[in-house]
>>> print(open('query10.cif').read())   # mmCIF, C-alpha atoms; chains and numbers go by the auth columns
data_coords
loop_
_atom_site.group_PDB
_atom_site.id
_atom_site.type_symbol
_atom_site.label_atom_id
_atom_site.label_comp_id
_atom_site.label_asym_id
_atom_site.label_seq_id
_atom_site.Cartn_x
_atom_site.Cartn_y
_atom_site.Cartn_z
_atom_site.B_iso_or_equiv
_atom_site.auth_seq_id
_atom_site.auth_asym_id
ATOM 1 C CA MET A 1 170.244 38.847 57.197 0.00 29 A
ATOM 2 C CA THR A 2 167.443 41.275 57.589 0.00 30 A
ATOM 3 C CA HIS A 3 166.316 42.764 60.819 0.00 31 A
ATOM 4 C CA GLN A 4 163.043 44.012 62.045 0.00 32 A
ATOM 5 C CA THR A 5 163.525 47.387 63.534 0.00 33 A
ATOM 6 C CA VAL A 6 162.319 48.325 66.953 0.00 34 A
ATOM 7 C CA ARG A 7 158.631 49.046 67.105 0.00 35 A
ATOM 8 C CA ASP A 8 158.598 52.461 68.676 0.00 36 A
ATOM 9 C CA TRP A 9 162.241 53.231 69.004 0.00 37 A
ATOM 10 C CA ASP A 10 163.265 54.049 65.494 0.00 38 A
ATOM 11 C CA ARG A 11 160.515 56.608 65.215 0.00 39 A
ATOM 12 C CA ALA A 12 161.078 57.990 68.667 0.00 40 A
ATOM 13 C CA LEU A 13 162.198 61.499 69.270 0.00 41 A
ATOM 14 C CA VAL A 14 164.633 61.632 72.115 0.00 42 A
ATOM 15 C CA PRO A 15 163.315 64.258 74.520 0.00 43 A
ATOM 16 C CA THR A 16 165.310 67.430 74.688 0.00 44 A
ATOM 17 C CA GLY A 17 165.652 67.124 78.436 0.00 45 A
ATOM 18 C CA ALA A 18 165.636 64.325 80.951 0.00 46 A
ATOM 19 C CA GLY A 19 163.067 64.234 83.702 0.00 47 A
ATOM 20 C CA ARG A 20 160.251 65.795 81.690 0.00 48 A
ATOM 21 C CA THR A 21 158.203 62.696 80.885 0.00 49 A
ATOM 22 C CA ALA A 22 154.816 63.124 82.576 0.00 50 A
ATOM 23 C CA ALA A 23 153.307 59.709 81.817 0.00 51 A
ATOM 24 C CA PRO A 24 154.476 56.253 80.669 0.00 52 A
ATOM 25 C CA ASP A 25 155.848 56.618 77.136 0.00 53 A
ATOM 26 C CA PRO A 26 157.742 54.042 75.044 0.00 54 A
ATOM 27 C CA ALA A 27 159.792 56.906 73.594 0.00 55 A
ATOM 28 C CA CYS A 28 161.168 57.726 77.044 0.00 56 A
ATOM 29 C CA PRO A 29 164.774 56.480 77.192 0.00 57 A
ATOM 30 C CA VAL A 30 164.242 54.899 80.607 0.00 58 A
ATOM 31 C CA GLU A 31 161.407 52.781 79.244 0.00 59 A
ATOM 32 C CA ALA A 32 163.370 51.873 76.115 0.00 60 A
ATOM 33 C CA ALA A 33 166.217 50.591 78.279 0.00 61 A
ATOM 34 C CA LEU A 34 163.866 48.590 80.505 0.00 62 A
ATOM 35 C CA GLU A 35 162.094 47.147 77.451 0.00 63 A
ATOM 36 C CA ALA A 36 165.446 45.836 76.198 0.00 64 A
ATOM 37 C CA VAL A 37 166.076 43.760 79.333 0.00 65 A
ATOM 38 C CA ARG A 38 162.477 42.819 80.121 0.00 66 A
ATOM 39 C CA GLY A 39 161.381 39.242 80.664 0.00 67 A
ATOM 40 C CA ARG A 40 162.422 36.099 82.452 0.00 68 A
ATOM 41 C CA TRP A 41 165.852 34.825 81.239 0.00 69 A
ATOM 42 C CA THR A 42 166.459 37.923 79.116 0.00 70 A
ATOM 43 C CA THR A 43 169.354 39.341 81.133 0.00 71 A
ATOM 44 C CA LEU A 44 170.951 35.901 81.340 0.00 72 A
ATOM 45 C CA VAL A 45 170.814 35.513 77.559 0.00 73 A
ATOM 46 C CA ILE A 46 172.240 39.022 77.134 0.00 74 A
ATOM 47 C CA ARG A 47 175.021 38.187 79.602 0.00 75 A
ATOM 48 C CA GLU A 48 176.028 35.177 77.512 0.00 76 A
ATOM 49 C CA LEU A 49 176.013 37.245 74.317 0.00 77 A
ATOM 50 C CA LEU A 50 178.231 39.849 75.977 0.00 78 A
ATOM 51 C CA HIS A 51 180.913 37.131 76.027 0.00 79 A
ATOM 52 C CA GLY A 52 180.701 36.773 72.246 0.00 80 A
ATOM 53 C CA PRO A 53 178.656 35.021 69.545 0.00 81 A
ATOM 54 C CA ARG A 54 176.762 32.048 70.928 0.00 82 A
ATOM 55 C CA GLY A 55 174.900 29.118 69.387 0.00 83 A
ATOM 56 C CA TYR A 56 172.294 26.896 70.976 0.00 84 A
ATOM 57 C CA ARG A 57 175.055 24.513 72.030 0.00 85 A
ATOM 58 C CA GLU A 58 176.779 27.115 74.188 0.00 86 A
ATOM 59 C CA PHE A 59 173.527 28.377 75.678 0.00 87 A
ATOM 60 C CA ARG A 60 172.658 24.793 76.619 0.00 88 A
ATOM 61 C CA ARG A 61 175.957 24.450 78.430 0.00 89 A
ATOM 62 C CA THR A 62 175.897 27.670 80.447 0.00 90 A
ATOM 63 C CA LEU A 63 172.125 27.911 80.970 0.00 91 A
ATOM 64 C CA PRO A 64 171.091 24.234 81.164 0.00 92 A
ATOM 65 C CA ALA A 65 167.646 24.981 82.653 0.00 93 A
ATOM 66 C CA LEU A 66 166.715 27.246 79.731 0.00 94 A
ATOM 67 C CA SER A 67 164.471 25.404 77.268 0.00 95 A
ATOM 68 C CA ASP A 68 165.059 25.705 73.533 0.00 96 A
ATOM 69 C CA LYS A 69 161.545 27.121 73.231 0.00 97 A
ATOM 70 C CA VAL A 70 162.164 29.996 75.642 0.00 98 A
ATOM 71 C CA LEU A 71 165.655 30.575 74.266 0.00 99 A
ATOM 72 C CA THR A 72 164.159 30.873 70.770 0.00 100 A
ATOM 73 C CA GLU A 73 161.623 33.388 72.084 0.00 101 A
ATOM 74 C CA ARG A 74 164.265 35.445 73.846 0.00 102 A
ATOM 75 C CA LEU A 75 166.565 35.499 70.825 0.00 103 A
ATOM 76 C CA ALA A 76 163.616 36.515 68.638 0.00 104 A
ATOM 77 C CA GLN A 77 162.789 39.324 71.082 0.00 105 A
ATOM 78 C CA LEU A 78 166.379 40.590 71.092 0.00 106 A
ATOM 79 C CA THR A 79 166.552 40.332 67.299 0.00 107 A
ATOM 80 C CA ALA A 80 163.264 42.193 66.862 0.00 108 A
ATOM 81 C CA LEU A 81 164.610 45.017 69.011 0.00 109 A
ATOM 82 C CA GLY A 82 167.777 45.158 66.891 0.00 110 A
ATOM 83 C CA LEU A 83 169.927 44.126 69.855 0.00 111 A
ATOM 84 C CA ALA A 84 171.110 40.764 68.505 0.00 112 A
ATOM 85 C CA GLU A 85 171.457 39.236 65.074 0.00 113 A
ATOM 86 C CA ARG A 86 171.518 35.747 63.617 0.00 114 A
ATOM 87 C CA VAL A 87 174.704 34.852 61.767 0.00 115 A
ATOM 88 C CA GLU A 88 175.659 31.754 59.804 0.00 116 A
ATOM 89 C CA THR A 89 179.318 30.945 60.207 0.00 117 A
ATOM 90 C CA SER A 90 181.370 30.250 57.115 0.00 118 A
ATOM 91 C CA GLY A 91 183.016 26.866 56.708 0.00 119 A
ATOM 92 C CA PHE A 92 181.392 23.477 56.519 0.00 120 A
ATOM 93 C CA PRO A 93 179.084 22.590 58.071 0.00 121 A
ATOM 94 C CA THR A 94 177.812 26.066 58.757 0.00 122 A
ATOM 95 C CA ARG A 95 176.603 26.895 62.231 0.00 123 A
ATOM 96 C CA VAL A 96 174.029 29.410 63.333 0.00 124 A
ATOM 97 C CA VAL A 97 175.083 31.736 66.112 0.00 125 A
ATOM 98 C CA TYR A 98 173.654 34.905 67.581 0.00 126 A
ATOM 99 C CA ARG A 99 175.689 37.975 68.350 0.00 127 A
ATOM 100 C CA LEU A 100 175.017 41.415 69.717 0.00 128 A
ATOM 101 C CA THR A 101 174.630 44.301 67.315 0.00 129 A
ATOM 102 C CA ALA A 102 176.171 47.698 67.988 0.00 130 A
ATOM 103 C CA ARG A 103 172.867 48.590 69.609 0.00 131 A
ATOM 104 C CA GLY A 104 173.039 45.486 71.767 0.00 132 A
ATOM 105 C CA GLU A 105 176.543 46.391 72.894 0.00 133 A
ATOM 106 C CA ALA A 106 175.024 49.551 74.331 0.00 134 A
ATOM 107 C CA LEU A 107 173.567 47.333 77.059 0.00 135 A
ATOM 108 C CA ARG A 108 176.975 46.420 78.495 0.00 136 A
ATOM 109 C CA PRO A 109 177.336 49.318 80.969 0.00 137 A
ATOM 110 C CA LEU A 110 173.679 48.935 81.982 0.00 138 A
ATOM 111 C CA MET A 111 174.193 45.274 82.844 0.00 139 A
ATOM 112 C CA THR A 112 177.142 46.231 85.024 0.00 140 A
ATOM 113 C CA GLU A 113 175.103 48.961 86.688 0.00 141 A
ATOM 114 C CA LEU A 114 172.159 46.614 87.313 0.00 142 A
ATOM 115 C CA TYR A 115 174.501 44.180 89.033 0.00 143 A
ATOM 116 C CA ARG A 116 176.127 46.932 91.094 0.00 144 A
ATOM 117 C CA THR A 117 172.813 48.491 92.121 0.00 145 A
ATOM 118 C CA GLY A 118 171.283 45.103 92.955 0.00 146 A
ATOM 119 C CA THR A 119 174.248 44.228 95.139 0.00 147 A
ATOM 120 C CA GLU A 120 173.797 47.517 96.973 0.00 148 A
ATOM 121 C CA LEU A 121 170.049 46.929 97.401 0.00 149 A
ATOM 122 C CA LEU A 122 170.656 43.438 98.750 0.00 150 A
ATOM 123 C CA THR A 123 173.209 44.666 101.277 0.00 151 A
ATOM 124 C CA THR A 124 171.618 47.978 102.376 0.00 152 A
ATOM 125 C CA PRO A 125 169.266 47.590 105.354 0.00 153 A
ATOM 126 C CA ALA A 126 165.667 48.541 104.611 0.00 154 A
ATOM 127 C CA ARG A 127 165.962 51.299 107.199 0.00 155 A
ATOM 128 C CA MET B 1 156.536 53.746 111.019 0.00 2 B
ATOM 129 C CA THR B 2 157.185 50.116 110.399 0.00 3 B
ATOM 130 C CA HIS B 3 158.320 48.678 107.142 0.00 4 B
ATOM 131 C CA GLN B 4 157.852 45.378 105.542 0.00 5 B
ATOM 132 C CA THR B 5 161.183 44.118 104.463 0.00 6 B
ATOM 133 C CA VAL B 6 161.894 42.863 101.004 0.00 7 B
ATOM 134 C CA ARG B 7 160.559 39.415 100.377 0.00 8 B
ATOM 135 C CA ASP B 8 163.625 37.656 99.083 0.00 9 B
ATOM 136 C CA TRP B 9 166.247 40.323 99.368 0.00 10 B
ATOM 137 C CA ASP B 10 166.949 40.418 103.039 0.00 11 B
ATOM 138 C CA ARG B 11 167.556 36.700 103.102 0.00 12 B
ATOM 139 C CA ALA B 12 169.534 36.703 99.892 0.00 13 B
ATOM 140 C CA LEU B 13 173.133 35.761 99.770 0.00 14 B
ATOM 141 C CA VAL B 14 174.989 37.925 97.349 0.00 15 B
ATOM 142 C CA PRO B 15 176.841 35.601 95.003 0.00 16 B
ATOM 143 C CA THR B 16 180.576 35.567 95.424 0.00 17 B
ATOM 144 C CA GLY B 17 181.056 36.319 91.757 0.00 18 B
ATOM 145 C CA ALA B 18 179.078 38.038 89.058 0.00 19 B
ATOM 146 C CA GLY B 19 178.025 36.169 85.962 0.00 20 B
ATOM 147 C CA ARG B 20 177.518 32.817 87.655 0.00 21 B
ATOM 148 C CA THR B 21 173.735 32.736 87.882 0.00 22 B
ATOM 149 C CA ALA B 22 172.519 29.832 85.742 0.00 23 B
ATOM 150 C CA ALA B 23 168.776 30.396 85.995 0.00 24 B
ATOM 151 C CA PRO B 24 166.353 33.167 87.018 0.00 25 B
ATOM 152 C CA ASP B 25 166.851 33.812 90.727 0.00 26 B
ATOM 153 C CA PRO B 26 165.412 36.640 92.864 0.00 27 B
ATOM 154 C CA ALA B 27 168.671 36.634 94.842 0.00 28 B
ATOM 155 C CA CYS B 28 170.619 37.625 91.707 0.00 29 B
ATOM 156 C CA PRO B 29 171.529 41.305 92.019 0.00 30 B
ATOM 157 C CA VAL B 30 170.445 42.007 88.442 0.00 31 B
ATOM 158 C CA GLU B 31 166.956 40.705 89.188 0.00 32 B
ATOM 159 C CA ALA B 32 166.787 42.588 92.483 0.00 33 B
ATOM 160 C CA ALA B 33 167.579 45.832 90.671 0.00 34 B
ATOM 161 C CA LEU B 34 164.988 45.165 87.970 0.00 35 B
ATOM 162 C CA GLU B 35 162.378 44.233 90.579 0.00 36 B
ATOM 163 C CA ALA B 36 162.900 47.642 92.214 0.00 37 B
ATOM 164 C CA VAL B 37 161.986 49.572 89.055 0.00 38 B
ATOM 165 C CA ARG B 38 159.391 47.168 87.656 0.00 39 B
ATOM 166 C CA GLY B 39 155.905 48.275 86.686 0.00 40 B
ATOM 167 C CA ARG B 40 154.137 51.012 84.829 0.00 41 B
ATOM 168 C CA TRP B 41 154.731 54.463 86.417 0.00 42 B
ATOM 169 C CA THR B 42 157.306 53.083 88.864 0.00 43 B
ATOM 170 C CA THR B 43 160.341 54.869 87.428 0.00 44 B
ATOM 171 C CA LEU B 44 158.374 58.109 87.178 0.00 45 B
ATOM 172 C CA VAL B 45 157.407 57.898 90.861 0.00 46 B
ATOM 173 C CA ILE B 46 161.033 57.120 91.774 0.00 47 B
ATOM 174 C CA ARG B 47 162.184 60.083 89.698 0.00 48 B
ATOM 175 C CA GLU B 48 159.905 62.414 91.671 0.00 49 B
ATOM 176 C CA LEU B 49 161.136 60.998 94.986 0.00 50 B
ATOM 177 C CA LEU B 50 164.738 61.536 93.882 0.00 51 B
ATOM 178 C CA HIS B 51 163.939 65.262 94.037 0.00 52 B
ATOM 179 C CA GLY B 52 162.959 64.968 97.700 0.00 53 B
ATOM 180 C CA PRO B 53 159.987 64.027 99.906 0.00 54 B
ATOM 181 C CA ARG B 54 156.712 64.204 98.022 0.00 55 B
ATOM 182 C CA GLY B 55 153.056 64.136 99.020 0.00 56 B
ATOM 183 C CA TYR B 56 150.037 63.346 96.854 0.00 57 B
ATOM 184 C CA ARG B 57 149.703 67.040 96.065 0.00 58 B
ATOM 185 C CA GLU B 58 153.127 67.195 94.418 0.00 59 B
ATOM 186 C CA PHE B 59 152.653 63.928 92.540 0.00 60 B
ATOM 187 C CA ARG B 60 149.360 65.277 91.190 0.00 61 B
ATOM 188 C CA ARG B 61 151.116 68.359 89.889 0.00 62 B
ATOM 189 C CA THR B 62 154.062 66.687 88.143 0.00 63 B
ATOM 190 C CA LEU B 63 152.305 63.462 87.083 0.00 64 B
ATOM 191 C CA PRO B 64 148.728 64.641 86.431 0.00 65 B
ATOM 192 C CA ALA B 65 147.744 61.487 84.516 0.00 66 B
ATOM 193 C CA LEU B 66 148.663 59.219 87.429 0.00 67 B
ATOM 194 C CA SER B 67 145.558 58.192 89.361 0.00 68 B
ATOM 195 C CA ASP B 68 145.555 58.202 93.159 0.00 69 B
ATOM 196 C CA LYS B 69 144.816 54.475 93.044 0.00 70 B
ATOM 197 C CA VAL B 70 147.894 53.605 90.991 0.00 71 B
ATOM 198 C CA LEU B 71 150.039 56.066 92.924 0.00 72 B
ATOM 199 C CA THR B 72 148.964 54.378 96.162 0.00 73 B
ATOM 200 C CA GLU B 73 149.900 50.992 94.687 0.00 74 B
ATOM 201 C CA ARG B 74 153.280 52.211 93.527 0.00 75 B
ATOM 202 C CA LEU B 75 154.098 53.835 96.854 0.00 76 B
ATOM 203 C CA ALA B 76 153.044 50.630 98.647 0.00 77 B
ATOM 204 C CA GLN B 77 155.302 48.596 96.356 0.00 78 B
ATOM 205 C CA LEU B 78 158.270 50.888 96.977 0.00 79 B
ATOM 206 C CA THR B 79 157.582 50.866 100.719 0.00 80 B
ATOM 207 C CA ALA B 80 157.294 47.065 100.808 0.00 81 B
ATOM 208 C CA LEU B 81 160.683 46.820 99.115 0.00 82 B
ATOM 209 C CA GLY B 82 162.173 49.186 101.695 0.00 83 B
ATOM 210 C CA LEU B 83 162.919 51.773 99.014 0.00 84 B
ATOM 211 C CA ALA B 84 160.566 54.508 100.263 0.00 85 B
ATOM 212 C CA GLU B 85 158.959 55.356 103.574 0.00 86 B
ATOM 213 C CA ARG B 86 155.880 57.205 104.723 0.00 87 B
ATOM 214 C CA VAL B 87 156.558 60.194 106.956 0.00 88 B
ATOM 215 C CA GLU B 88 154.215 62.540 108.775 0.00 89 B
ATOM 216 C CA THR B 89 155.551 66.052 108.863 0.00 90 B
ATOM 217 C CA SER B 90 155.614 67.887 112.158 0.00 91 B
ATOM 218 C CA GLY B 91 153.605 71.089 112.551 0.00 92 B
ATOM 219 C CA PHE B 92 149.896 71.595 112.190 0.00 93 B
ATOM 220 C CA PRO B 93 148.161 70.289 110.273 0.00 94 B
ATOM 221 C CA THR B 94 150.470 67.353 109.682 0.00 95 B
ATOM 222 C CA ARG B 95 151.045 66.192 106.132 0.00 96 B
ATOM 223 C CA VAL B 96 151.910 62.755 104.866 0.00 97 B
ATOM 224 C CA VAL B 97 154.828 62.575 102.494 0.00 98 B
ATOM 225 C CA TYR B 98 156.926 59.777 101.080 0.00 99 B
ATOM 226 C CA ARG B 99 160.673 59.842 100.882 0.00 100 B
ATOM 227 C CA LEU B 100 163.380 57.499 99.702 0.00 101 B
ATOM 228 C CA THR B 101 165.207 55.382 102.259 0.00 102 B
ATOM 229 C CA ALA B 102 168.963 54.851 102.091 0.00 103 B
ATOM 230 C CA ARG B 103 168.177 51.737 100.066 0.00 104 B
ATOM 231 C CA GLY B 104 166.008 53.762 97.707 0.00 105 B
ATOM 232 C CA GLU B 105 168.807 56.286 97.226 0.00 106 B
ATOM 233 C CA ALA B 106 170.830 53.398 95.802 0.00 107 B
ATOM 234 C CA LEU B 107 168.618 53.637 92.716 0.00 108 B
ATOM 235 C CA ARG B 108 169.902 57.095 91.763 0.00 109 B
ATOM 236 C CA PRO B 109 172.876 55.995 89.600 0.00 110 B
ATOM 237 C CA LEU B 110 170.752 53.252 88.024 0.00 111 B
ATOM 238 C CA MET B 111 168.113 55.757 86.952 0.00 112 B
ATOM 239 C CA THR B 112 170.817 57.860 85.329 0.00 113 B
ATOM 240 C CA GLU B 113 172.241 54.809 83.599 0.00 114 B
ATOM 241 C CA LEU B 114 168.815 53.696 82.352 0.00 115 B
ATOM 242 C CA TYR B 115 168.315 57.129 80.812 0.00 116 B
ATOM 243 C CA ARG B 116 171.771 57.126 79.251 0.00 117 B
ATOM 244 C CA THR B 117 171.440 53.594 77.860 0.00 118 B
ATOM 245 C CA GLY B 118 167.944 54.258 76.541 0.00 119 B
ATOM 246 C CA THR B 119 169.131 57.376 74.771 0.00 120 B
ATOM 247 C CA GLU B 120 171.893 55.341 73.153 0.00 121 B
ATOM 248 C CA LEU B 121 169.464 52.583 72.130 0.00 122 B
ATOM 249 C CA LEU B 122 167.097 55.128 70.600 0.00 123 B
ATOM 250 C CA THR B 123 169.866 56.768 68.590 0.00 124 B
ATOM 251 C CA THR B 124 171.929 53.726 67.542 0.00 125 B
ATOM 252 C CA PRO B 125 170.803 52.230 64.224 0.00 126 B
ATOM 253 C CA ALA B 126 169.543 48.650 64.489 0.00 127 B
ATOM 254 C CA ARG B 127 172.422 47.617 62.235 0.00 128 B
#
>>> encode(input="query10.cif", output="structure tokens")
Amino acid sequence: MTHQTVRDWDRALVPTGAGRTAAPDPACPVEAALEAVRGRWTTLVIRELLHGPRGYREFRRTLPALSDKVLTERLAQLTALGLAERVETSGFPTRVVYRLTARGEALRPLMTELYRTGTELLTTPAR
Amino acid sequence: MTHQTVRDWDRALVPTGAGRTAAPDPACPVEAALEAVRGRWTTLVIRELLHGPRGYREFRRTLPALSDKVLTERLAQLTALGLAERVETSGFPTRVVYRLTARGEALRPLMTELYRTGTELLTTPAR
């Protein structure tokens, strides 16, 4: 398997200090993290992959309203960013599954934090 | 000052368990958290407000490339979501500043986590 590398990320210099970005910048870590989870269905697909390698069959079961077309797009997006990879299982017949890369695994604590923050937002009065 | 409340949030029922959402849903905490930080410049404006109340003058100094028009839009978005509020300072002449609400303060750990995750994404090889 070959992987496209991330468009801006692999060339990005991580800033020497947080909080210094003065304008939107794909090399800013905050934007890189948001880019990874951007798009309708993306976090749901990532959630499934956090459970382990998944094929279309499993996605269809847990996310029945997700079309194959959109699933294909989302998996391509995650693969292009180096977050997931396509794997053919050994054995016969072979199956194609997707699994998170080491980079993709880096999203695990963020997913937890998004859930925790969202729960707090939904339960904190606006004023 | 009055505040619009969040469109879906205030009516949302927080799910009884994480990881059960089967389709995109604004009442999912993960989506609520992403909605709060969505949009170009949004995280930069939030970052400034995390330092304390800020008026247009301060935004102009730390984010010189941010136009007043976009800043106004971003502040309106944060206010509509109940994350920030407009305050007139006492004294003479009065000044208008924006500050985070208690709900907006809930974004602080998420911002830290986005930075941490992004740094890891930018430094972890794609494979």
>>> residues_around(input="query10.cif", residues="B:Leu67", least_positions_apart="3", cutoff="9 Å", atoms="all atoms listed in the file", output="list in words")
Ala50 and Ala51 of chain A; Trp42, Phe60, Arg61, Leu64, Lys70, Val71 and Leu72 of chain B
>>> interface_residues(input="query10.cif", of="chain B", to="chain A", cutoff="8 Å", atoms="all atoms listed in the file", output="number ranges by chain")
B: 4, 6-7, 10-11, 13, 15, 19-20, 22-25, 29-35, 41-42, 44-45, 48, 63-67, 82-84, 102-105, 107-108, 110-112, 114-128
>>> resolve_selection(input="query10.cif", expression="the PyMOL selection byres ((chain B and resi 53) around 10)", output="list in words")
Arg48, Glu49, Leu50, Leu51, His52, Pro54, Arg55, Val98, Tyr99, Arg100 and Leu101 of chain B
>>> atom_distance(input="query10.cif", atom1="atom CA of B:Val46", atom2="atom CA of A:Pro54")
16.3 Å
>>> axis_aligned_box(input="query10.cif", around="stretch 88-97 of chain B", padding_each_side="5 Å", output="AutoDock Vina command-line options")
--center_x 152.4 --center_y 65.9 --center_z 108.7 --size_x 18.4 --size_y 21.4 --size_z 17.7
>>> atom_distance(input="query10.cif", atom1="atom CA of A:Thr117", atom2="atom CA of A:Gln105")
21.5 Å
>>> residues_around(input="query10.cif", residues="B:Val97", least_positions_apart="4", cutoff="9 Å", atoms="all atoms listed in the file", output="PyMOL selection string")
chain B and resi 55-57+87-90
>>> atom_distance(input="query10.cif", atom1="atom CA of B:Ser68", atom2="atom CA of B:Gly92")
27.7 Å
>>> build_atoms(input="query10.cif", residues="stretch 101-119 of chain B", atoms="N, CA and C atoms", output="CSV table (one decimal), in the coordinates of the input")
chain,number,residue,atom,x,y,z
B,101,LEU,N,162.5,58.7,99.9
B,101,LEU,CA,163.4,57.5,99.7
B,101,LEU,C,164.1,57.1,101.0
B,102,THR,N,164.3,55.9,101.2
B,102,THR,CA,165.2,55.4,102.3
B,102,THR,C,166.6,55.4,101.7
B,103,ALA,N,167.6,55.0,102.6
B,103,ALA,CA,169.0,54.9,102.1
B,103,ALA,C,169.0,53.8,101.0
B,104,ARG,N,168.2,52.8,101.1
B,104,ARG,CA,168.2,51.7,100.1
B,104,ARG,C,167.6,52.3,98.8
B,105,GLY,N,166.6,53.1,98.9
B,105,GLY,CA,166.0,53.8,97.7
B,105,GLY,C,167.0,54.7,97.0
B,106,GLU,N,167.8,55.4,97.8
B,106,GLU,CA,168.8,56.3,97.2
B,106,GLU,C,169.8,55.5,96.4
B,107,ALA,N,169.9,54.2,96.6
B,107,ALA,CA,170.8,53.4,95.8
B,107,ALA,C,170.4,53.3,94.4
B,108,LEU,N,169.1,53.7,94.1
B,108,LEU,CA,168.6,53.6,92.7
B,108,LEU,C,169.0,54.8,91.9
B,109,ARG,N,169.6,55.9,92.5
B,109,ARG,CA,169.9,57.1,91.8
B,109,ARG,C,170.8,56.9,90.6
B,110,PRO,N,172.0,56.2,90.8
B,110,PRO,CA,172.9,56.0,89.6
B,110,PRO,C,172.2,55.1,88.6
B,111,LEU,N,171.4,54.1,89.0
B,111,LEU,CA,170.8,53.3,88.0
B,111,LEU,C,169.8,54.0,87.1
B,112,MET,N,169.1,55.0,87.7
B,112,MET,CA,168.1,55.8,87.0
B,112,MET,C,168.9,56.6,85.9
B,113,THR,N,170.0,57.1,86.3
B,113,THR,CA,170.8,57.9,85.3
B,113,THR,C,171.3,56.9,84.2
B,114,GLU,N,171.7,55.7,84.6
B,114,GLU,CA,172.2,54.8,83.6
B,114,GLU,C,171.1,54.3,82.7
B,115,LEU,N,169.9,54.1,83.2
B,115,LEU,CA,168.8,53.7,82.4
B,115,LEU,C,168.5,54.8,81.3
B,116,TYR,N,168.6,56.0,81.7
B,116,TYR,CA,168.3,57.1,80.8
B,116,TYR,C,169.4,57.2,79.7
B,117,ARG,N,170.6,57.0,80.2
B,117,ARG,CA,171.8,57.1,79.3
B,117,ARG,C,171.7,56.0,78.2
B,118,THR,N,171.5,54.8,78.7
B,118,THR,CA,171.4,53.6,77.9
B,118,THR,C,170.3,53.7,76.9
B,119,GLY,N,169.1,54.1,77.4
B,119,GLY,CA,167.9,54.3,76.5
B,119,GLY,C,168.2,55.3,75.4
